[in-house]
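Participant: Could you have a look at this structure, given as C-alpha cells, before my questions?
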Amino acid sequence: MRPTNHSRLRAASIAAAAVLTLTTAGLTATQLPAAAATGCAVTYTVSSSWPGGFNTNVSVTNLGDPISSWRLTWTFTAGQTVTQYWNTTLTQTGAAVTAANVSYNGSIPTGGSTSFGFNGAATGSNPTPTSFALNGTTCTGGVSTPPTTTPPPTTPPPTTPPPGSNGPCDIYAAGGTPCVAAHSTTRALFGAYTGRLYQVRRASDNTTRDINALSAGGPADSAVQDSFCANTSCLITVIYDQTTRGNHLTQAPPGGFSGPAPGGYDNLADAKAAPTTVLGHRAYGVFVAPGTGYRDNTTNGIAKGDQPEGMYAIFDGTHYNGGCCFDYGNAETNSRDNGNGTMEAIYFGNIKVWGYGTGNGPWIMADLENGLFSGVNPGYNANDPSISHRYLTAIVKGEPNHWAIRGGNAQSGGLSTFYDGKRPNVAGYNPMKKEGAIILGIGGDNSHGAAGTFYEGVMTSGYPSNATEDAVQANITAAGYR
C-alpha cells in the first residue's frame with residue numbers, strides 16, 4: 001500500500017456475550033480451620049457458540065477468608081461434554097464436572113478472583129448449570145462466618161499467573177494449525193515457553209538487553225527493562241519469534257519507500273511508550289508512530305503462493321490513523337509492491353482509499369497488496385463494522401479462494417465474523433501469490449505513514465477453524481489485559 005493523508009477518528013462497536021452470575025456460599029477449603037468465613041461468586045459466561053460446540057469462561061470470586069486451593073464442581077443437564085480447557089485441571093464423569101486449581105492460581109485472597117475456560121460439545125440445547133459447589137460445599141448464597149478463632153495466615157496470590165498449560169500456540173497446534181511465527185513483547189505464547197520475548201537498546205551506552213518471560217507461559221520480565229532503561233531512553237530492537245523457526249522481527253529496511261532512519265531504515269519503537277498490564281504484571285507493547293516498522297524478509301515456514309494460513313494480533317483499538325499501513329502479517333520478501341495478491345496481512349486503521357466498512361472507522365481489513373479489503377468487494381462492504389476496543393483482537397485468515405475477517409474485544413467476550421467468503425472480485429487475488437515475509441507497522445512496500453500499538457500476534461500453517469480461534473480468544477481474555 002502507498003501512503004496517503006490521514007486523520008484520526010474513533011468509533012466503537014461492542015458485541016456482548018450473555019453472562020449468568022450466580023452468587024453463592026459455602027466455600028470451604030481444606031486448608032481453612034472450622035472458623036473460616038466462607039462464600040463465593042461464580043460467573044459462568046458462554047462467550048461464543050457454533051453448531052455442535054461452545055466456549056465458556058468461568059470466574060470464581062472469593063467472598064470469604066483467603067483460600068490456598070480450590071475445586072469447583074457442577075453438573076451438566078443436557079449431555080454437554082468438555083473437549084478442551086485452560087487455567088485449570090478439569091475432569092468429567094458422566095454429567096459431573098470438576099475443575100481444580102493448577103499450580104499458579106490456587107490462592108485466592110478475600111475479594112480476589114481466578115478464572116478458567118473451556119470448550120465444550122453440545123448436541124442440542126446448552127443450558128447453564130444451576131448449581132456450583134466449591135471444595136465440596138454447595139454454594140447457596142451469602143457469606144457464613146462460624147464463631148471462633150484466629151483466621152489462618154493468608155497465602156499471598158502469585159505475582160506471575162501464566163495462562164495455563166495451553167498458550168495460544170498450544171491451542172492452535174491442538175487444532176492442527178501450528179504457529180510458524182509468534183511475536184509478543186508482553187507474554188509467552190506457548191505454555192512452556194521461558195525464553196526471549198524482545199530486545200531493547202539503551203541510549204546512554206548503546207548496549208542491548210534481552211527481556212525474557214518471567215516464568216513458563218508467563219508475562220515479560222519487565223523489571224529487567226525498567227532497571228536497564230532507568231534514567232535513559234530505550235528502543236525495541238528485536239521482537240523474537242517464540243517458535244523454533246527463528247522468524248524474528250528487526251528494524252525494517254528500505255524498499256519501495258525509504259524510512260526516516262539512517263540508511264533508509266525505519267525507526268524503532270520507544271520501549272516505554274506503551275505500558276500495559278497482562279497476567280497481573282506490568283509489560284510493554286510496541287508503540288508504532290509514523291515512520292516506525294519491523295520486518296523479516298528471510299522467513300521459515302510462512303505461507304507462500306496460495307497456501308493456507310491464519311493470523312491474529314492484539315492491538316490498541318484507540319491508537320490508529322489514516323496513514324498506510326498499520327499491518328501485521330505476510331508480505332513481499334523484497335520490500336516492494338510486487339502486485340495484487342502478494343500480501344496477506346491484518347490491517348487496522350481508518351484509511352478509506354482502497355476499502356472501508358460501516359461508520360468512520362477504524363476497521364479490521366486485509367492488506368492483500370494494492371487493496372485493503374473489508375469483504376468481497378473493493379471499496380465499501382457493509383458487514384465490516386467500526387471497532388475500537390481498548391484492547392482489540394484482530395484476525396485474518398486465507399486459503400484457496402476463501403478468506404475471513406474476525407474480531408472482538410481482547411478483554412472480554414467472544415469473536416465476531418465480519419467476512420467469510422470468496423477472494424475479492426478483482427483480478428489478481430485468486431490464486432494468491434503470497435511471498436512469506438513478515439511485517440509489523442508498515443505496508444508491504446515499506447509504506448510507513450501509519451500509527452498503532454501491537455501487543456502480541458501469531459501466524460499459522462494451515463487455515464484455523466473458528467472453534468480454534470474462539471479458544472484462543474478465551475485464552476486472550478483470561479490473560480487480563482488492562
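Order determines the names: the first chain of the C-alpha cells is A, the second B, and so forth; residues in each chain are numbered 1 upward, and ligands are numbered 1 upward as they are shown.
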Could you pull out the strand (DSSP E) residues of segment 126-255 of chain A from DSSP and send them as a PyMOL selection string?
Facilitator: chain A and resi 132-134+137-138+179-184+196-202+208-212+234-239+249-251
Participant: Go ahead and write the residues just picked, C-alpha atoms, as a CSV table (one decimal), in the first residue's frame.
Facilitator:
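Contents of out-v2.csv, freshly written:
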chain,number,residue,atom,x,y,z
A,132,PHE,CA,-22.0,-25.0,41.8
A,133,ALA,CA,-20.0,-26.4,44.8
A,134,LEU,CA,-16.6,-25.2,45.9
A,137,THR,CA,-19.8,-27.5,49.9
A,138,THR,CA,-22.9,-26.5,47.9
A,179,CYS,CA,2.2,-21.4,14.9
A,180,VAL,CA,5.0,-20.7,12.5
A,181,ALA,CA,5.7,-17.3,14.0
A,182,ALA,CA,4.8,-16.0,17.4
A,183,HIS,CA,5.6,-12.4,18.5
A,184,SER,CA,4.9,-10.6,21.7
A,196,ARG,CA,13.4,-14.3,24.9
A,197,LEU,CA,10.5,-12.1,24.1
A,198,TYR,CA,12.3,-9.0,22.8
A,199,GLN,CA,15.5,-7.0,23.0
A,200,VAL,CA,16.0,-3.3,24.0
A,201,ARG,CA,18.9,-1.0,23.4
A,202,ARG,CA,19.5,2.0,25.7
A,208,THR,CA,21.3,-4.2,24.5
A,209,ARG,CA,19.4,-6.5,26.8
A,210,ASP,CA,17.1,-9.4,26.1
A,211,ILE,CA,13.8,-9.4,28.0
A,212,ASN,CA,12.6,-12.9,28.8
A,234,CYS,CA,15.4,2.6,25.2
A,235,LEU,CA,14.3,1.3,21.8
A,236,ILE,CA,12.9,-2.1,20.9
A,237,THR,CA,15.5,-3.6,18.5
A,238,VAL,CA,14.3,-7.2,18.1
A,239,ILE,CA,10.9,-8.9,18.6
A,249,LEU,CA,11.3,-9.1,13.6
A,250,THR,CA,14.0,-6.4,13.3
A,251,GLN,CA,14.3,-2.9,12.0
Participant: Using only C-alpha atoms, find the one residue out of A:Asn381, A:Ser215, A:Thr185, A:Asn62 that sits nearest to Pro424 of chain A.
Facilitator: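 For Pro424 of chain A, the nearest of the given residues is A:Asn381.
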Participant: Please identify all polymer residues within 9 Å of segment 326-333 of chain A, counting only C-alpha atoms, omitting same-chain residues fewer than 6 positions from it, and present them as a ChimeraX atom specification.
Facilitator: /A:288,296-299,302-304,311-313,320,342-349,366-369,396,434-445,448-454,457-459
Participant: Mind dumping the selected residues with C-alpha atoms as a PDB file, in the first residue's frame?
Facilitator:
ATOM      1  CA  VAL A 288       4.265   2.423  16.309  1.00  0.00           C
ATOM      2  CA  ASP A 296      11.724 -10.254   8.393  1.00  0.00           C
ATOM      3  CA  ASN A 297      12.289 -10.907   4.688  1.00  0.00           C
ATOM      4  CA  THR A 298      14.008 -14.295   5.133  1.00  0.00           C
ATOM      5  CA  THR A 299      11.477 -16.414   6.984  1.00  0.00           C
ATOM      6  CA  ILE A 302       5.429 -18.833   6.406  1.00  0.00           C
ATOM      7  CA  ALA A 303       2.753 -19.455   3.747  1.00  0.00           C
ATOM      8  CA  LYS A 304       3.678 -18.786   0.130  1.00  0.00           C
ATOM      9  CA  MET A 311      -3.021 -14.862  11.923  1.00  0.00           C
ATOM     10  CA  TYR A 312      -4.213 -12.839  14.875  1.00  0.00           C
ATOM     11  CA  ALA A 313      -2.922  -9.744  16.611  1.00  0.00           C
ATOM     12  CA  TYR A 320      -4.671   4.459  14.834  1.00  0.00           C
ATOM     13  CA  THR A 342       1.498 -10.808  -2.986  1.00  0.00           C
ATOM     14  CA  MET A 343       0.477  -9.949   0.599  1.00  0.00           C
ATOM     15  CA  GLU A 344      -1.947 -11.235   3.225  1.00  0.00           C
ATOM     16  CA  ALA A 345      -1.785  -9.165   6.399  1.00  0.00           C
ATOM     17  CA  ILE A 346      -4.067  -7.780   9.096  1.00  0.00           C
ATOM     18  CA  TYR A 347      -4.643  -4.048   8.680  1.00  0.00           C
ATOM     19  CA  PHE A 348      -6.084  -1.752  11.365  1.00  0.00           C
ATOM     20  CA  GLY A 349      -6.922   1.918  10.890  1.00  0.00           C
ATOM     21  CA  ALA A 366      -6.947  -7.439   4.970  1.00  0.00           C
ATOM     22  CA  ASP A 367      -3.995  -5.901   3.143  1.00  0.00           C
ATOM     23  CA  LEU A 368      -3.676  -8.117   0.059  1.00  0.00           C
ATOM     24  CA  GLU A 369      -1.445  -5.593  -1.801  1.00  0.00           C
ATOM     25  CA  VAL A 396      -7.365 -12.521   9.063  1.00  0.00           C
ATOM     26  CA  LYS A 434       1.960 -14.647  -1.137  1.00  0.00           C
ATOM     27  CA  GLU A 435       5.741 -14.329  -0.684  1.00  0.00           C
ATOM     28  CA  GLY A 436       6.192 -15.142   3.014  1.00  0.00           C
ATOM     29  CA  ALA A 437       7.935 -12.154   4.601  1.00  0.00           C
ATOM     30  CA  ILE A 438       6.558 -10.792   7.902  1.00  0.00           C
ATOM     31  CA  ILE A 439       5.848  -7.111   8.576  1.00  0.00           C
ATOM     32  CA  LEU A 440       4.708  -5.092  11.587  1.00  0.00           C
ATOM     33  CA  GLY A 441       3.544  -1.480  11.470  1.00  0.00           C
ATOM     34  CA  ILE A 442       4.177  -0.907   7.752  1.00  0.00           C
ATOM     35  CA  GLY A 443       2.911  -1.814   4.302  1.00  0.00           C
ATOM     36  CA  GLY A 444       4.473  -4.382   2.010  1.00  0.00           C
ATOM     37  CA  ASP A 445       6.460  -1.756   0.089  1.00  0.00           C
ATOM     38  CA  HIS A 448       5.356   3.883   6.882  1.00  0.00           C
ATOM     39  CA  GLY A 449       2.712   6.547   7.431  1.00  0.00           C
ATOM     40  CA  ALA A 450       0.599   4.538   9.881  1.00  0.00           C
ATOM     41  CA  ALA A 451       0.228   4.550  13.662  1.00  0.00           C
ATOM     42  CA  GLY A 452      -0.816   1.821  16.066  1.00  0.00           C
ATOM     43  CA  THR A 453       0.170  -0.313  19.060  1.00  0.00           C
ATOM     44  CA  PHE A 454       0.906  -4.056  18.956  1.00  0.00           C
ATOM     45  CA  GLY A 457       0.375 -11.851  17.367  1.00  0.00           C
ATOM     46  CA  VAL A 458       0.971 -15.167  15.622  1.00  0.00           C
ATOM     47  CA  MET A 459       0.898 -16.669  12.138  1.00  0.00           C
TER      48      MET A 459
END
Participant: Just how far from atom CA of Thr468 of chain A is atom CA of Ala121 of chain A, in Å to one decimal?
Facilitator: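 Taking atom CA of Ala121 of chain A and atom CA of Thr468 of chain A, their separation equals 13.3 Å.
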Participant: Residues within 12 Å of segment 375-378 of chain A, please, as number ranges by chain. Count only C-alpha atoms; anything in the same chain fewer than 5 positions from it doesn't count.
Facilitator: A: 352-358, 363-368, 370, 383-385, 396, 401-406, 417-427, 429-430
Participant: I'd like the contact shell of Thr88 of chain A - 7 Å cut-off, only C-alpha atoms, skipping same-chain residues fewer than 4 positions apart - returned as a ChimeraX atom specification.
Facilitator: /A:99-102,116
Participant: Based on the selection just made, write C-alpha atoms of those residues as a compact mmCIF listing (two decimals), in the first residue's frame.
Facilitator:
# COMPACT_ATOMS: atom_id res chain seq x y z
CA ALA A 99 -12.41 -28.07 37.82
CA ALA A 100 -9.43 -27.73 40.16
CA ASN A 101 -6.71 -25.13 40.51
CA VAL A 102 -3.34 -25.50 38.84
CA PHE A 116 -10.54 -20.54 33.73
Participant: Gly106 of chain A: which residues within 7 Å, counting only C-alpha atoms, same-chain residues fewer than 5 positions away excluded, as number ranges by chain?
Facilitator: A: 68-70, 101
Participant: Name the closest residue to Cys40 of chain A among the candidates A:Thr123, A:Asn300, A:Ser59, A:Asn350; distances are taken between atoms, counting only C-alpha atoms.
Facilitator: A:Ser59
Participant: Quick one: pull the distance between atom CA of Asn87 of chain A and atom CA of Thr45 of chain A, Å, one decimal.
Facilitator: 15.4 Å
Participant: I'd like the interatomic distance between atom CA of Ala230 of chain A and atom CA of Ala479 of chain A, to a tenth of an Å.
Facilitator: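 Value for the atom CA of Ala230 of chain A-atom CA of Ala479 of chain A distance: 27.2 Å.
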Participant: With only C-alpha atoms as the atoms that count, which of A:Leu372, A:Leu279, A:Met432, A:Leu90 lies nearest to Asp221 of chain A?
Facilitator: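 Comparing A:Leu372, A:Leu279, A:Met432, A:Leu90 against Asp221 of chain A, the winner is A:Leu279.
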Participant: Just asking: which residues within segment 91-301 of chain A are alpha helix (DSSP H) according to DSSP, as a PyMOL selection string?
Facilitator: chain A and resi 168-174+222-228
Participant: Export N, CA, C and O atoms of the chosen residues as a PDB file, in the first residue's frame?
Facilitator:
ATOM      1  N   PRO A 168      -1.738 -19.574  23.458  1.00  0.00           N
ATOM      2  CA  PRO A 168      -2.378 -19.507  22.144  1.00  0.00           C
ATOM      3  C   PRO A 168      -1.789 -20.486  21.141  1.00  0.00           C
ATOM      4  O   PRO A 168      -2.528 -21.127  20.379  1.00  0.00           O
ATOM      5  N   CYS A 169      -0.462 -20.630  21.107  1.00  0.00           N
ATOM      6  CA  CYS A 169       0.138 -21.517  20.113  1.00  0.00           C
ATOM      7  C   CYS A 169      -0.090 -22.986  20.434  1.00  0.00           C
ATOM      8  O   CYS A 169      -0.122 -23.826  19.518  1.00  0.00           O
ATOM      9  N   ASP A 170      -0.263 -23.332  21.702  1.00  0.00           N
ATOM     10  CA  ASP A 170      -0.646 -24.705  22.048  1.00  0.00           C
ATOM     11  C   ASP A 170      -2.060 -24.998  21.551  1.00  0.00           C
ATOM     12  O   ASP A 170      -2.351 -26.103  21.078  1.00  0.00           O
ATOM     13  N   ILE A 171      -2.933 -24.009  21.648  1.00  0.00           N
ATOM     14  CA  ILE A 171      -4.305 -24.180  21.182  1.00  0.00           C
ATOM     15  C   ILE A 171      -4.341 -24.328  19.669  1.00  0.00           C
ATOM     16  O   ILE A 171      -5.041 -25.190  19.123  1.00  0.00           O
ATOM     17  N   TYR A 172      -3.577 -23.485  18.960  1.00  0.00           N
ATOM     18  CA  TYR A 172      -3.505 -23.632  17.501  1.00  0.00           C
ATOM     19  C   TYR A 172      -2.962 -25.008  17.111  1.00  0.00           C
ATOM     20  O   TYR A 172      -3.461 -25.642  16.177  1.00  0.00           O
ATOM     21  N   ALA A 173      -1.930 -25.472  17.801  1.00  0.00           N
ATOM     22  CA  ALA A 173      -1.361 -26.783  17.482  1.00  0.00           C
ATOM     23  C   ALA A 173      -2.386 -27.890  17.699  1.00  0.00           C
ATOM     24  O   ALA A 173      -2.502 -28.823  16.887  1.00  0.00           O
ATOM     25  N   ALA A 174      -3.149 -27.802  18.788  1.00  0.00           N
ATOM     26  CA  ALA A 174      -4.176 -28.813  19.053  1.00  0.00           C
ATOM     27  C   ALA A 174      -5.246 -28.819  17.974  1.00  0.00           C
ATOM     28  O   ALA A 174      -5.859 -29.853  17.700  1.00  0.00           O
ATOM     29  N   SER A 222       9.362  -7.466  32.950  1.00  0.00           N
ATOM     30  CA  SER A 222       9.518  -6.044  32.667  1.00  0.00           C
ATOM     31  C   SER A 222      10.444  -5.345  33.654  1.00  0.00           C
ATOM     32  O   SER A 222      10.987  -4.278  33.353  1.00  0.00           O
ATOM     33  N   ALA A 223      10.647  -5.934  34.838  1.00  0.00           N
ATOM     34  CA  ALA A 223      11.562  -5.323  35.804  1.00  0.00           C
ATOM     35  C   ALA A 223      12.977  -5.230  35.236  1.00  0.00           C
ATOM     36  O   ALA A 223      13.724  -4.297  35.570  1.00  0.00           O
ATOM     37  N   VAL A 224      13.340  -6.183  34.377  1.00  0.00           N
ATOM     38  CA  VAL A 224      14.659  -6.127  33.737  1.00  0.00           C
ATOM     39  C   VAL A 224      14.747  -4.900  32.840  1.00  0.00           C
ATOM     40  O   VAL A 224      15.745  -4.161  32.872  1.00  0.00           O
ATOM     41  N   GLN A 225      13.704  -4.650  32.045  1.00  0.00           N
ATOM     42  CA  GLN A 225      13.706  -3.442  31.216  1.00  0.00           C
ATOM     43  C   GLN A 225      13.721  -2.190  32.082  1.00  0.00           C
ATOM     44  O   GLN A 225      14.469  -1.243  31.801  1.00  0.00           O
ATOM     45  N   ASP A 226      12.881  -2.152  33.115  1.00  0.00           N
ATOM     46  CA  ASP A 226      12.814  -0.960  33.957  1.00  0.00           C
ATOM     47  C   ASP A 226      14.169  -0.625  34.558  1.00  0.00           C
ATOM     48  O   ASP A 226      14.568   0.544  34.610  1.00  0.00           O
ATOM     49  N   SER A 227      14.886  -1.634  35.008  1.00  0.00           N
ATOM     50  CA  SER A 227      16.211  -1.410  35.589  1.00  0.00           C
ATOM     51  C   SER A 227      17.222  -1.013  34.524  1.00  0.00           C
ATOM     52  O   SER A 227      17.979  -0.047  34.693  1.00  0.00           O
ATOM     53  N   PHE A 228      17.226  -1.728  33.410  1.00  0.00           N
ATOM     54  CA  PHE A 228      18.204  -1.490  32.353  1.00  0.00           C
ATOM     55  C   PHE A 228      18.003  -0.118  31.710  1.00  0.00           C
ATOM     56  O   PHE A 228      18.975   0.542  31.320  1.00  0.00           O
TER      57      PHE A 228
END
Participant: Please provide the set of residues having any atom within 10 Å of Gln307 of chain A, restricted to only C-alpha atoms, with same-chain residues fewer than 5 positions apart removed, written as a ChimeraX atom specification.
Facilitator: /A:302,398-400,431-434,461-463
Participant: What does the file look like for those residues with all heavy atoms, as a PDB file, in the first residue's frame?
Facilitator:
ATOM      1  N   ILE A 302       6.567 -19.721   6.640  1.00  0.00           N
ATOM      2  CA  ILE A 302       5.429 -18.833   6.406  1.00  0.00           C
ATOM      3  C   ILE A 302       4.803 -19.173   5.048  1.00  0.00           C
ATOM      4  O   ILE A 302       5.498 -19.505   4.090  1.00  0.00           O
ATOM      5  CB  ILE A 302       5.882 -17.363   6.441  1.00  0.00           C
ATOM      6  CG1 ILE A 302       6.589 -17.066   7.776  1.00  0.00           C
ATOM      7  CG2 ILE A 302       4.697 -16.424   6.245  1.00  0.00           C
ATOM      8  CD1 ILE A 302       5.734 -17.305   8.996  1.00  0.00           C
ATOM      9  N   GLY A 398      -6.651 -17.037   5.355  1.00  0.00           N
ATOM     10  CA  GLY A 398      -6.936 -17.278   3.952  1.00  0.00           C
ATOM     11  C   GLY A 398      -6.478 -18.639   3.489  1.00  0.00           C
ATOM     12  O   GLY A 398      -5.487 -19.192   3.986  1.00  0.00           O
ATOM     13  N   GLU A 399      -7.214 -19.168   2.534  1.00  0.00           N
ATOM     14  CA  GLU A 399      -6.883 -20.418   1.855  1.00  0.00           C
ATOM     15  C   GLU A 399      -7.366 -20.277   0.408  1.00  0.00           C
ATOM     16  O   GLU A 399      -7.937 -19.235   0.047  1.00  0.00           O
ATOM     17  CB  GLU A 399      -7.534 -21.608   2.567  1.00  0.00           C
ATOM     18  CG  GLU A 399      -9.044 -21.551   2.606  1.00  0.00           C
ATOM     19  CD  GLU A 399      -9.637 -22.712   3.381  1.00  0.00           C
ATOM     20  OE1 GLU A 399      -8.916 -23.664   3.699  1.00  0.00           O
ATOM     21  OE2 GLU A 399     -10.857 -22.666   3.668  1.00  0.00           O
ATOM     22  N   PRO A 400      -7.150 -21.263  -0.455  1.00  0.00           N
ATOM     23  CA  PRO A 400      -7.539 -21.089  -1.858  1.00  0.00           C
ATOM     24  C   PRO A 400      -8.989 -20.625  -2.035  1.00  0.00           C
ATOM     25  O   PRO A 400      -9.931 -21.281  -1.597  1.00  0.00           O
ATOM     26  CB  PRO A 400      -7.289 -22.475  -2.459  1.00  0.00           C
ATOM     27  CG  PRO A 400      -6.118 -22.994  -1.681  1.00  0.00           C
ATOM     28  CD  PRO A 400      -6.373 -22.519  -0.272  1.00  0.00           C
ATOM     29  N   PRO A 431      -5.593 -17.204  -7.990  1.00  0.00           N
ATOM     30  CA  PRO A 431      -4.989 -17.560  -6.706  1.00  0.00           C
ATOM     31  C   PRO A 431      -4.117 -16.442  -6.154  1.00  0.00           C
ATOM     32  O   PRO A 431      -3.698 -15.545  -6.877  1.00  0.00           O
ATOM     33  CB  PRO A 431      -4.139 -18.785  -7.053  1.00  0.00           C
ATOM     34  CG  PRO A 431      -3.716 -18.526  -8.468  1.00  0.00           C
ATOM     35  CD  PRO A 431      -4.909 -17.874  -9.117  1.00  0.00           C
ATOM     36  N   MET A 432      -3.837 -16.548  -4.861  1.00  0.00           N
ATOM     37  CA  MET A 432      -2.922 -15.607  -4.215  1.00  0.00           C
ATOM     38  C   MET A 432      -1.482 -15.937  -4.599  1.00  0.00           C
ATOM     39  O   MET A 432      -1.166 -17.066  -4.987  1.00  0.00           O
ATOM     40  CB  MET A 432      -3.097 -15.660  -2.707  1.00  0.00           C
ATOM     41  CG  MET A 432      -4.444 -15.140  -2.228  1.00  0.00           C
ATOM     42  SD  MET A 432      -4.593 -13.344  -2.346  1.00  0.00           S
ATOM     43  CE  MET A 432      -3.560 -12.849  -0.957  1.00  0.00           C
ATOM     44  N   LYS A 433      -0.613 -14.948  -4.401  1.00  0.00           N
ATOM     45  CA  LYS A 433       0.817 -15.098  -4.731  1.00  0.00           C
ATOM     46  C   LYS A 433       1.665 -14.638  -3.547  1.00  0.00           C
ATOM     47  O   LYS A 433       2.644 -13.906  -3.706  1.00  0.00           O
ATOM     48  CB  LYS A 433       1.123 -14.289  -5.993  1.00  0.00           C
ATOM     49  CG  LYS A 433       0.331 -14.754  -7.218  1.00  0.00           C
ATOM     50  CD  LYS A 433       0.507 -13.858  -8.419  1.00  0.00           C
ATOM     51  CE  LYS A 433      -0.284 -12.582  -8.296  1.00  0.00           C
ATOM     52  NZ  LYS A 433      -1.752 -12.815  -8.350  1.00  0.00           N
ATOM     53  N   LYS A 434       1.272 -15.069  -2.359  1.00  0.00           N
ATOM     54  CA  LYS A 434       1.960 -14.647  -1.137  1.00  0.00           C
ATOM     55  C   LYS A 434       3.445 -15.013  -1.189  1.00  0.00           C
ATOM     56  O   LYS A 434       3.814 -16.058  -1.709  1.00  0.00           O
ATOM     57  CB  LYS A 434       1.293 -15.294   0.079  1.00  0.00           C
ATOM     58  CG  LYS A 434      -0.132 -14.805   0.327  1.00  0.00           C
ATOM     59  CD  LYS A 434      -0.830 -15.542   1.442  1.00  0.00           C
ATOM     60  CE  LYS A 434      -1.364 -16.896   1.022  1.00  0.00           C
ATOM     61  NZ  LYS A 434      -2.296 -17.486   2.008  1.00  0.00           N
ATOM     62  N   SER A 461       0.465 -22.188  10.182  1.00  0.00           N
ATOM     63  CA  SER A 461       0.467 -23.036   8.995  1.00  0.00           C
ATOM     64  C   SER A 461      -0.896 -23.713   8.926  1.00  0.00           C
ATOM     65  O   SER A 461      -1.285 -24.449   9.838  1.00  0.00           O
ATOM     66  CB  SER A 461       1.572 -24.083   9.087  1.00  0.00           C
ATOM     67  OG  SER A 461       1.497 -24.995   8.015  1.00  0.00           O
ATOM     68  N   GLY A 462      -1.643 -23.468   7.855  1.00  0.00           N
ATOM     69  CA  GLY A 462      -2.983 -24.011   7.736  1.00  0.00           C
ATOM     70  C   GLY A 462      -4.041 -22.996   8.132  1.00  0.00           C
ATOM     71  O   GLY A 462      -3.756 -21.985   8.788  1.00  0.00           O
ATOM     72  N   TYR A 463      -5.258 -23.253   7.728  1.00  0.00           N
ATOM     73  CA  TYR A 463      -6.400 -22.358   7.916  1.00  0.00           C
ATOM     74  C   TYR A 463      -7.113 -22.735   9.212  1.00  0.00           C
ATOM     75  O   TYR A 463      -7.778 -23.770   9.286  1.00  0.00           O
ATOM     76  CB  TYR A 463      -7.341 -22.498   6.720  1.00  0.00           C
ATOM     77  CG  TYR A 463      -8.459 -21.497   6.637  1.00  0.00           C
ATOM     78  CD1 TYR A 463      -8.288 -20.295   5.972  1.00  0.00           C
ATOM     79  CD2 TYR A 463      -9.709 -21.779   7.194  1.00  0.00           C
ATOM     80  CE1 TYR A 463      -9.331 -19.378   5.865  1.00  0.00           C
ATOM     81  CE2 TYR A 463     -10.753 -20.872   7.098  1.00  0.00           C
ATOM     82  CZ  TYR A 463     -10.554 -19.673   6.434  1.00  0.00           C
ATOM     83  OH  TYR A 463     -11.583 -18.764   6.326  1.00  0.00           O
TER      84      TYR A 463
END
Participant: Which is closer to Asn231 of chain A than all the others in A:Thr318, A:Ser204, A:Thr43, A:Asn57, using only C-alpha atoms?
Facilitator: A:Ser204
